[in-house]
Amino acid sequence: MNTATLGATAPVNPIPLKQDASVIGLVGLAHGTSHFSHLLLAPLFPVFMRDFGLSYSDVGLLMSIFFIISGSGQAMAGFVVDRIGARPVLFVAITCFLLAALAASMATGYMGLVLVAVLAGLGNAPFHPADFTILNQRVSAPRLGHAFSAHGLTGNLGWALAPAFLVGITALADWRTAYHAAALLYVAVLALLFWQRDKLRTEVHVRHADAPKGSDLAFLKLPVVWWCFSFFLLSTMTLAVVQSFAPSILKNLHGVSVEAATLTISAYMLCGAFGMLVGGFVAAYTKQSDRVVALAMSAGAALLLVCATGWLGATGTMVALAATGFAVGVGGPSRDMMIKKATPKGATGRVYGTVYSGLDVGFAISPLVFGGFMDQGWYALTLAGAAVVLFISVYAAIGVGRRTA
């Protein structure tokens, strides 16, 4: 198995736009649901701390549990997707989210929240291998760049929706009602995907009886897979810093209010979504995906470094942080094209599962590393460190490009 054998070739007869758009929309909806579930607990941490007498360490551990289970499960889920197809795995994943929401609505203490984190982590694990297997098999090659753009965009929108949905309903009623509403949301998504299930069918990877022992793991010997994994781990560490610590950094360095700092994170995510929309057109019209990724991440890292200097003041720093989201977003679709080029035929689920598990690892270790910086009061250094890590991810992207040229 080698990288000379790439993913599925473009179909001889062009696929109708309506058919491609339907697949892209369904997969995008599923992906937005998974990102919504990343924040199934976090927006209501203050409520749980008040009602159950929990500490910051207690609620922080819930997110670590989520990402550890999601990351380890993601690599394994890729094998399942290749063997039985993406569609049934996707249905089971959303069912896990449904069970997590119901468990949250009935939680009476910390162990109930741990169960929610476990179920949500299990549900999140298969999404990237399942999503990208469907997109790579069911969307025509000329539209894959736009498909990856829509995939990333809907993920960002899922992140943006969760706090407003859960906190808003909690304010109007209570947090148990909010989780009942989330459960109904999952039921609606699952019903729609089941109704349109024919559009989500994928071919399975059949293992031949005479296949060498361990051939399913042969892709792990490809250096390019680990270069991709490293890129995801590093670039996600930077995103985790922005999501977790940017409000505190802005408050301590520039005296920004909590409301304004939180709005900056929303602006970062929305600019990231717009960047992915633009990046879809970039990915569709360029074959040098690694260079696009390298330029986008370099621009984002440079903006973070400028933010760390404090030269821009409060307003300028908030604008620059939002612009960072746009820069990184532009590289998103080309990043996914880059991974596609590194994927041997018949191993889409396994490769995407392994590579994207780097995302969960990055989310898990970044708060531990940079949380220490924050505890020491090194707020500017935290932003600078995030920028340096993003610059290092550029080297990883270039390494991928060299091995898929």
# chains A, B, ... in the order shown; residues from 1 in each chain; ligands from 1
call {"tool": "closest_atom_pairs", "arguments": {"of": "segment 47-163 of chain A", "to": "segment 173-180 of chain A", "cutoff": "7 Å", "atoms": "only C-alpha atoms", "output": "JSON lines"}}
result
{"residue": "A:Ala101", "atom": "CA", "partner": "A:Tyr179", "partner_atom": "CA", "distance": 5.3}
{"residue": "A:Leu102", "atom": "CA", "partner": "A:His180", "partner_atom": "CA", "distance": 6.6}
{"residue": "A:Ala104", "atom": "CA", "partner": "A:Tyr179", "partner_atom": "CA", "distance": 6.4}
{"residue": "A:Ser105", "atom": "CA", "partner": "A:Arg176", "partner_atom": "CA", "distance": 4.5}
call {"tool": "write_last_selection", "arguments": {"atoms": "N, CA and C atoms", "output": "PDB file, in the first residue's frame"}}
result
ATOM      1  N   ALA A 101     -27.802  13.202  25.987  1.00  0.00           N
ATOM      2  CA  ALA A 101     -28.707  14.294  26.355  1.00  0.00           C
ATOM      3  C   ALA A 101     -29.735  13.821  27.379  1.00  0.00           C
ATOM      4  N   LEU A 102     -30.267  12.616  27.189  1.00  0.00           N
ATOM      5  CA  LEU A 102     -31.235  12.083  28.156  1.00  0.00           C
ATOM      6  C   LEU A 102     -30.576  11.843  29.508  1.00  0.00           C
ATOM      7  N   ALA A 104     -28.049  13.491  30.693  1.00  0.00           N
ATOM      8  CA  ALA A 104     -27.817  14.810  31.288  1.00  0.00           C
ATOM      9  C   ALA A 104     -29.090  15.344  31.944  1.00  0.00           C
ATOM     10  N   SER A 105     -30.223  15.109  31.299  1.00  0.00           N
ATOM     11  CA  SER A 105     -31.487  15.618  31.847  1.00  0.00           C
ATOM     12  C   SER A 105     -31.856  14.947  33.164  1.00  0.00           C
TER      13      SER A 105
END
call {"tool": "closest_atom_pairs", "arguments": {"of": "segment 56-118 of chain A", "to": "segment 363-371 of chain A", "cutoff": "8 Å", "atoms": "only C-alpha atoms", "output": "CSV"}}
result
residue,atom,partner,partner_atom,distance
A:Met63,CA,A:Ala364,CA,7.9
A:Ser64,CA,A:Ala364,CA,5.8
A:Phe67,CA,A:Ala364,CA,6.0
A:Ile68,CA,A:Ala364,CA,6.9
call {"tool": "closest_residue", "arguments": {"among": "A:Ala323, A:Ala396, A:Ile84, A:Ala120", "to": "Ala302 of chain A", "atoms": "only C-alpha atoms"}}
result
A:Ala323
call {"tool": "closest_atom_pairs", "arguments": {"of": "segment 117-206 of chain A", "to": "segment 17-35 of chain A", "cutoff": "10 Å", "atoms": "only C-alpha atoms", "output": "CSV"}}
result
residue,atom,partner,partner_atom,distance
A:Ala120,CA,A:Ser34,CA,8.8
A:Gly121,CA,A:Ser34,CA,9.8
A:Gly123,CA,A:Ser34,CA,7.8
A:Asn124,CA,A:Ser34,CA,5.9
A:Ala125,CA,A:Ser34,CA,9.2
A:Pro126,CA,A:Ser34,CA,9.7
A:Phe127,CA,A:His31,CA,6.9
A:His128,CA,A:His31,CA,8.1
A:Ala130,CA,A:Val27,CA,9.1
A:Asp131,CA,A:Val27,CA,6.1
A:Phe132,CA,A:Val27,CA,8.7
A:Ile134,CA,A:Val27,CA,7.7
A:Leu135,CA,A:Ile24,CA,7.0
A:Arg138,CA,A:Val23,CA,7.1
A:Val139,CA,A:Asp20,CA,5.3
A:Ser140,CA,A:Asp20,CA,7.0
A:Arg143,CA,A:Asp20,CA,7.8
A:Leu144,CA,A:Ile24,CA,9.2
A:His146,CA,A:Ile24,CA,8.7
A:Ala147,CA,A:Ile24,CA,5.7
A:Phe148,CA,A:Ile24,CA,8.5
A:Ser149,CA,A:Gly28,CA,9.6
A:Ala150,CA,A:Gly28,CA,6.3
A:His151,CA,A:Gly28,CA,4.9
A:Gly152,CA,A:Gly28,CA,8.0
A:Leu153,CA,A:Gly28,CA,8.1
A:Thr154,CA,A:Gly32,CA,4.8
A:Gly155,CA,A:Gly32,CA,4.4
A:Asn156,CA,A:His35,CA,7.2
A:Leu157,CA,A:Gly32,CA,6.5
A:Gly158,CA,A:Gly32,CA,4.3
A:Trp159,CA,A:His35,CA,5.3
A:Ala160,CA,A:His35,CA,8.9
A:Leu161,CA,A:Gly32,CA,9.0
A:Ala162,CA,A:His35,CA,8.3
A:Leu185,CA,A:Thr33,CA,9.0
A:Tyr186,CA,A:Thr33,CA,7.7
A:Val189,CA,A:Ala30,CA,7.5
A:Leu190,CA,A:Ala30,CA,8.7
A:Leu192,CA,A:Leu26,CA,8.5
A:Leu193,CA,A:Leu26,CA,6.8
A:Gln196,CA,A:Leu26,CA,8.2
A:Arg197,CA,A:Leu26,CA,9.4
A:Asp198,CA,A:Val23,CA,9.7
A:Lys199,CA,A:Val23,CA,6.0
A:Leu200,CA,A:Val23,CA,7.0
call {"tool": "atom_distance", "arguments": {"atom1": "atom CA of Ser298 of chain A", "atom2": "atom CA of Leu253 of chain A"}}
result
24.0 Å
call {"tool": "atom_distance", "arguments": {"atom1": "atom CA of Ala308 of chain A", "atom2": "atom CA of Ala273 of chain A"}}
result
23.6 Å
call {"tool": "closest_residue", "arguments": {"among": "A:Asp58, A:His38, A:Ala171, A:Leu233", "to": "Met111 of chain A", "atoms": "only C-alpha atoms"}}
result
A:Asp58
call {"tool": "closest_atom_pairs", "arguments": {"of": "segment 70-154 of chain A", "to": "segment 41-54 of chain A", "cutoff": "12 Å", "atoms": "only C-alpha atoms", "output": "CSV"}}
result
residue,atom,partner,partner_atom,distance
A:Phe97,CA,A:Leu41,CA,11.8
A:Ala100,CA,A:Leu41,CA,10.0
A:Ala101,CA,A:Leu41,CA,9.4
A:Ala103,CA,A:Leu41,CA,11.4
A:Ala104,CA,A:Leu41,CA,8.4
A:Ser105,CA,A:Leu41,CA,11.1
A:Ala107,CA,A:Phe48,CA,9.9
A:Thr108,CA,A:Phe52,CA,7.9
A:Gly109,CA,A:Phe52,CA,5.9
A:Tyr110,CA,A:Phe52,CA,7.1
A:Met111,CA,A:Phe52,CA,10.6
A:Gly112,CA,A:Phe52,CA,10.8
A:Leu113,CA,A:Leu41,CA,8.1
A:Val114,CA,A:Leu41,CA,10.1
A:Leu115,CA,A:Leu41,CA,11.3
A:Val116,CA,A:Leu41,CA,8.1
A:Ala117,CA,A:Leu41,CA,7.8
A:Val118,CA,A:Leu41,CA,11.5
A:Leu119,CA,A:Leu41,CA,11.8
A:Ala120,CA,A:Leu41,CA,9.5
A:Gly121,CA,A:Leu41,CA,11.6
call {"tool": "write_last_selection", "arguments": {"atoms": "N, CA, C and O atoms", "output": "short mmCIF file (atom, residue, chain, number, x, y, z; two decimals), in the first residue's frame"}}
result
data_model
loop_
_atom_site.label_atom_id
_atom_site.label_comp_id
_atom_site.auth_asym_id
_atom_site.auth_seq_id
_atom_site.Cartn_x
_atom_site.Cartn_y
_atom_site.Cartn_z
N PHE A 97 -25.37 10.37 21.15
CA PHE A 97 -25.63 11.76 21.56
C PHE A 97 -27.01 11.89 22.19
O PHE A 97 -27.19 12.60 23.17
N ALA A 100 -26.83 10.59 25.58
CA ALA A 100 -26.09 11.53 26.43
C ALA A 100 -26.98 12.67 26.90
O ALA A 100 -26.94 13.07 28.06
N ALA A 101 -27.80 13.20 25.99
CA ALA A 101 -28.71 14.29 26.35
C ALA A 101 -29.73 13.82 27.38
O ALA A 101 -30.04 14.55 28.35
N ALA A 103 -29.33 11.33 29.49
CA ALA A 103 -28.61 11.12 30.75
C ALA A 103 -28.37 12.45 31.46
O ALA A 103 -28.47 12.54 32.69
N ALA A 104 -28.05 13.49 30.69
CA ALA A 104 -27.82 14.81 31.29
C ALA A 104 -29.09 15.34 31.94
O ALA A 104 -29.04 15.94 33.03
N SER A 105 -30.22 15.11 31.30
CA SER A 105 -31.49 15.62 31.85
C SER A 105 -31.86 14.95 33.16
O SER A 105 -32.63 15.50 33.95
N ALA A 107 -29.38 13.71 35.37
CA ALA A 107 -28.21 13.68 36.25
C ALA A 107 -28.56 14.25 37.61
O ALA A 107 -29.24 15.28 37.73
N THR A 108 -28.07 13.58 38.65
CA THR A 108 -28.31 14.04 40.01
C THR A 108 -27.00 14.32 40.76
O THR A 108 -27.02 14.64 41.94
N GLY A 109 -25.88 14.18 40.06
CA GLY A 109 -24.59 14.40 40.69
C GLY A 109 -23.48 14.25 39.68
O GLY A 109 -23.70 14.11 38.47
N TYR A 110 -22.23 14.23 40.19
CA TYR A 110 -21.06 14.24 39.31
C TYR A 110 -20.97 12.99 38.44
O TYR A 110 -20.64 13.08 37.26
N MET A 111 -21.28 11.82 39.00
CA MET A 111 -21.15 10.59 38.22
C MET A 111 -22.13 10.57 37.04
O MET A 111 -21.85 9.99 35.99
N GLY A 112 -23.26 11.22 37.22
CA GLY A 112 -24.19 11.34 36.10
C GLY A 112 -23.59 12.15 34.97
O GLY A 112 -23.78 11.83 33.78
N LEU A 113 -22.84 13.20 35.30
CA LEU A 113 -22.18 14.03 34.28
C LEU A 113 -21.03 13.27 33.63
O LEU A 113 -20.75 13.44 32.44
N VAL A 114 -20.35 12.43 34.40
CA VAL A 114 -19.29 11.58 33.83
C VAL A 114 -19.89 10.66 32.77
O VAL A 114 -19.32 10.47 31.69
N LEU A 115 -21.06 10.09 33.06
CA LEU A 115 -21.74 9.23 32.09
C LEU A 115 -22.06 10.01 30.81
O LEU A 115 -21.90 9.49 29.71
N VAL A 116 -22.48 11.26 30.95
CA VAL A 116 -22.76 12.10 29.78
C VAL A 116 -21.50 12.28 28.95
O VAL A 116 -21.52 12.17 27.72
N ALA A 117 -20.38 12.58 29.61
CA ALA A 117 -19.11 12.78 28.90
C ALA A 117 -18.69 11.51 28.16
O ALA A 117 -18.20 11.57 27.03
N VAL A 118 -18.88 10.36 28.79
CA VAL A 118 -18.52 9.08 28.16
C VAL A 118 -19.38 8.83 26.92
O VAL A 118 -18.88 8.50 25.84
N LEU A 119 -20.70 8.99 27.06
CA LEU A 119 -21.61 8.74 25.93
C LEU A 119 -21.35 9.72 24.79
O LEU A 119 -21.35 9.33 23.61
N ALA A 120 -21.14 10.99 25.12
CA ALA A 120 -20.88 11.99 24.08
C ALA A 120 -19.54 11.72 23.40
O ALA A 120 -19.41 11.90 22.19
N GLY A 121 -18.53 11.30 24.17
CA GLY A 121 -17.24 10.96 23.57
C GLY A 121 -17.34 9.78 22.63
O GLY A 121 -16.75 9.79 21.54
#
call {"tool": "residues_around", "arguments": {"residues": "Met297 of chain A", "least_positions_apart": "3", "cutoff": "10 Å", "atoms": "only C-alpha atoms", "output": "ChimeraX atom specification"}}
result
/A:235,291-294,300-303,324,327-332,387,390-394,397
call {"tool": "write_last_selection", "arguments": {"atoms": "all heavy atoms", "output": "CSV table (one decimal), in the first residue's frame"}}
result
chain,number,residue,atom,x,y,z
A,235,SER,N,-2.0,22.1,15.2
A,235,SER,CA,-2.9,23.2,14.9
A,235,SER,C,-4.1,23.3,15.8
A,235,SER,O,-4.6,24.3,16.1
A,235,SER,CB,-3.4,23.1,13.4
A,235,SER,OG,-4.1,21.8,13.2
A,291,ARG,N,0.5,24.0,0.2
A,291,ARG,CA,1.0,25.4,0.2
A,291,ARG,C,-0.1,26.4,0.7
A,291,ARG,O,0.2,27.3,1.4
A,291,ARG,CB,1.4,25.8,-1.2
A,291,ARG,CG,2.7,25.1,-1.7
A,291,ARG,CD,3.2,25.6,-3.0
A,291,ARG,NE,4.4,24.9,-3.4
A,291,ARG,CZ,5.1,25.2,-4.5
A,291,ARG,NH1,4.7,26.3,-5.3
A,291,ARG,NH2,6.1,24.5,-4.9
A,292,VAL,N,-1.4,26.1,0.3
A,292,VAL,CA,-2.5,26.9,0.8
A,292,VAL,C,-2.5,26.8,2.3
A,292,VAL,O,-2.7,27.8,3.1
A,292,VAL,CB,-3.8,26.4,0.2
A,292,VAL,CG1,-5.0,27.2,0.8
A,292,VAL,CG2,-3.8,26.7,-1.3
A,293,VAL,N,-2.5,25.5,2.9
A,293,VAL,CA,-2.5,25.3,4.3
A,293,VAL,C,-1.4,26.1,5.0
A,293,VAL,O,-1.5,26.7,6.0
A,293,VAL,CB,-2.5,23.8,4.6
A,293,VAL,CG1,-2.4,23.6,6.1
A,293,VAL,CG2,-3.7,23.1,4.1
A,294,ALA,N,-0.2,25.9,4.4
A,294,ALA,CA,1.0,26.6,5.0
A,294,ALA,C,0.9,28.1,5.1
A,294,ALA,O,1.2,28.7,6.1
A,294,ALA,CB,2.3,26.2,4.3
A,300,GLY,N,-2.2,33.1,10.3
A,300,GLY,CA,-2.8,33.0,11.6
A,300,GLY,C,-1.8,33.1,12.7
A,300,GLY,O,-2.1,33.8,13.7
A,301,ALA,N,-0.7,32.4,12.6
A,301,ALA,CA,0.3,32.5,13.6
A,301,ALA,C,0.9,33.9,13.7
A,301,ALA,O,1.2,34.4,14.9
A,301,ALA,CB,1.4,31.5,13.3
A,302,ALA,N,1.1,34.6,12.6
A,302,ALA,CA,1.6,35.9,12.7
A,302,ALA,C,0.7,36.9,13.4
A,302,ALA,O,1.1,37.7,14.2
A,302,ALA,CB,1.9,36.4,11.2
A,303,LEU,N,-0.6,36.7,13.1
A,303,LEU,CA,-1.6,37.5,13.8
A,303,LEU,C,-1.6,37.3,15.3
A,303,LEU,O,-1.7,38.2,16.1
A,303,LEU,CB,-3.0,37.3,13.2
A,303,LEU,CG,-3.3,37.9,11.9
A,303,LEU,CD1,-4.6,37.2,11.2
A,303,LEU,CD2,-3.5,39.4,12.0
A,324,THR,N,-7.7,36.0,12.9
A,324,THR,CA,-7.0,34.8,12.9
A,324,THR,C,-7.9,33.6,12.6
A,324,THR,O,-7.5,32.7,11.9
A,324,THR,CB,-6.4,34.6,14.4
A,324,THR,OG1,-5.5,35.6,14.7
A,324,THR,CG2,-5.6,33.3,14.5
A,327,ALA,N,-8.2,33.5,8.8
A,327,ALA,CA,-7.0,32.9,8.2
A,327,ALA,C,-6.9,31.4,8.3
A,327,ALA,O,-6.6,30.7,7.3
A,327,ALA,CB,-5.7,33.6,8.8
A,328,VAL,N,-7.1,30.9,9.5
A,328,VAL,CA,-7.1,29.5,9.7
A,328,VAL,C,-8.2,28.8,9.0
A,328,VAL,O,-8.0,27.7,8.4
A,328,VAL,CB,-7.1,29.2,11.2
A,328,VAL,CG1,-7.2,27.7,11.5
A,328,VAL,CG2,-5.9,29.7,11.9
A,329,GLY,N,-9.4,29.4,8.9
A,329,GLY,CA,-10.5,28.8,8.2
A,329,GLY,C,-10.3,28.7,6.8
A,329,GLY,O,-10.7,27.7,6.2
A,330,VAL,N,-9.6,29.6,6.1
A,330,VAL,CA,-9.3,29.5,4.7
A,330,VAL,C,-8.5,28.2,4.4
A,330,VAL,O,-8.7,27.6,3.3
A,330,VAL,CB,-8.5,30.8,4.2
A,330,VAL,CG1,-8.0,30.5,2.8
A,330,VAL,CG2,-9.4,32.0,4.2
A,331,GLY,N,-7.7,27.8,5.3
A,331,GLY,CA,-6.9,26.6,5.1
A,331,GLY,C,-7.6,25.3,5.3
A,331,GLY,O,-7.1,24.3,5.0
A,332,GLY,N,-8.8,25.4,5.9
A,332,GLY,CA,-9.5,24.2,6.3
A,332,GLY,C,-9.8,23.2,5.2
A,332,GLY,O,-9.4,22.0,5.2
A,387,ALA,N,1.0,30.7,19.0
A,387,ALA,CA,1.5,31.1,17.7
A,387,ALA,C,2.7,30.3,17.2
A,387,ALA,O,2.7,29.8,16.1
A,387,ALA,CB,1.9,32.6,17.7
A,390,LEU,N,1.5,26.9,16.2
A,390,LEU,CA,0.8,27.0,14.8
A,390,LEU,C,1.9,27.1,13.7
A,390,LEU,O,1.7,26.5,12.7
A,390,LEU,CB,-0.1,28.2,14.8
A,390,LEU,CG,-1.1,28.2,13.6
A,390,LEU,CD1,-2.0,26.9,13.6
A,390,LEU,CD2,-2.0,29.4,13.7
A,391,PHE,N,3.0,27.8,14.0
A,391,PHE,CA,4.1,27.9,13.0
A,391,PHE,C,4.7,26.5,12.8
A,391,PHE,O,5.0,26.1,11.7
A,391,PHE,CB,5.2,28.9,13.5
A,391,PHE,CG,5.0,30.3,13.0
A,391,PHE,CD1,4.9,31.3,13.9
A,391,PHE,CD2,4.8,30.6,11.7
A,391,PHE,CE1,4.8,32.6,13.5
A,391,PHE,CE2,4.6,31.9,11.2
A,391,PHE,CZ,4.6,32.9,12.1
A,392,ILE,N,4.8,25.8,13.9
A,392,ILE,CA,5.4,24.4,13.8
A,392,ILE,C,4.5,23.5,12.9
A,392,ILE,O,4.9,22.7,12.1
A,392,ILE,CB,5.6,23.8,15.1
A,392,ILE,CG1,6.7,24.6,15.9
A,392,ILE,CG2,6.1,22.3,15.0
A,392,ILE,CD1,6.8,24.1,17.4
A,393,SER,N,3.2,23.7,13.0
A,393,SER,CA,2.2,23.0,12.2
A,393,SER,C,2.4,23.2,10.7
A,393,SER,O,2.1,22.3,9.9
A,393,SER,CB,0.8,23.3,12.6
A,393,SER,OG,0.3,24.5,12.1
A,394,VAL,N,2.9,24.4,10.4
A,394,VAL,CA,3.2,24.7,9.0
A,394,VAL,C,4.3,23.7,8.5
A,394,VAL,O,4.2,23.2,7.3
A,394,VAL,CB,3.7,26.2,8.8
A,394,VAL,CG1,4.2,26.4,7.4
A,394,VAL,CG2,2.6,27.1,9.2
A,397,ALA,N,2.7,20.5,7.7
A,397,ALA,CA,1.9,20.6,6.4
A,397,ALA,C,2.8,20.5,5.2
A,397,ALA,O,2.5,19.8,4.2
A,397,ALA,CB,1.1,21.9,6.3
call {"tool": "residues_around", "arguments": {"residues": "Gly310 of chain A", "least_positions_apart": "6", "cutoff": "9 Å", "atoms": "only C-alpha atoms", "output": "VMD selection string"}}
result
chain A and resid 253 to 254 317 380
call {"tool": "closest_residue", "arguments": {"among": "A:Asp290, A:Met374, A:Phe91, A:Ala182", "to": "Pro247 of chain A", "atoms": "only C-alpha atoms"}}
result
A:Met374
call {"tool": "residues_around", "arguments": {"residues": "Val355 of chain A", "least_positions_apart": "2", "cutoff": "12 Å", "atoms": "only C-alpha atoms", "output": "number ranges by chain"}}
result
A: 71-72, 74-78, 128-129, 132, 219-220, 222-234, 335-336, 338-340, 342-343, 347-353, 357-362, 400
call {"tool": "closest_residue", "arguments": {"among": "A:Ser70, A:Ser289, A:Ser257, A:Thr354", "to": "Thr315 of chain A", "atoms": "only C-alpha atoms"}}
result
A:Ser257
call {"tool": "atom_distance", "arguments": {"atom1": "atom CA of Ala384 of chain A", "atom2": "atom CA of Gly272 of chain A"}}
result
20.0 Å
call {"tool": "closest_residue", "arguments": {"among": "A:Leu305, A:Val204, A:Leu99, A:Ala267", "to": "Ala86 of chain A", "atoms": "only C-alpha atoms"}}
result
A:Val204
call {"tool": "select_by_dssp", "arguments": {"residues": "segment 155-291 of chain A", "states": "helix (DSSP H, G or I)", "output": "MDAnalysis selection string"}}
result
chainID A and resid 155:172 175:195 197:200 215:221 223:254 258:284 289:291
call {"tool": "closest_residue", "arguments": {"among": "A:Pro16, A:Gly73, A:Gly275, A:Gly385", "to": "Val241 of chain A", "atoms": "only C-alpha atoms"}}
result
A:Gly385
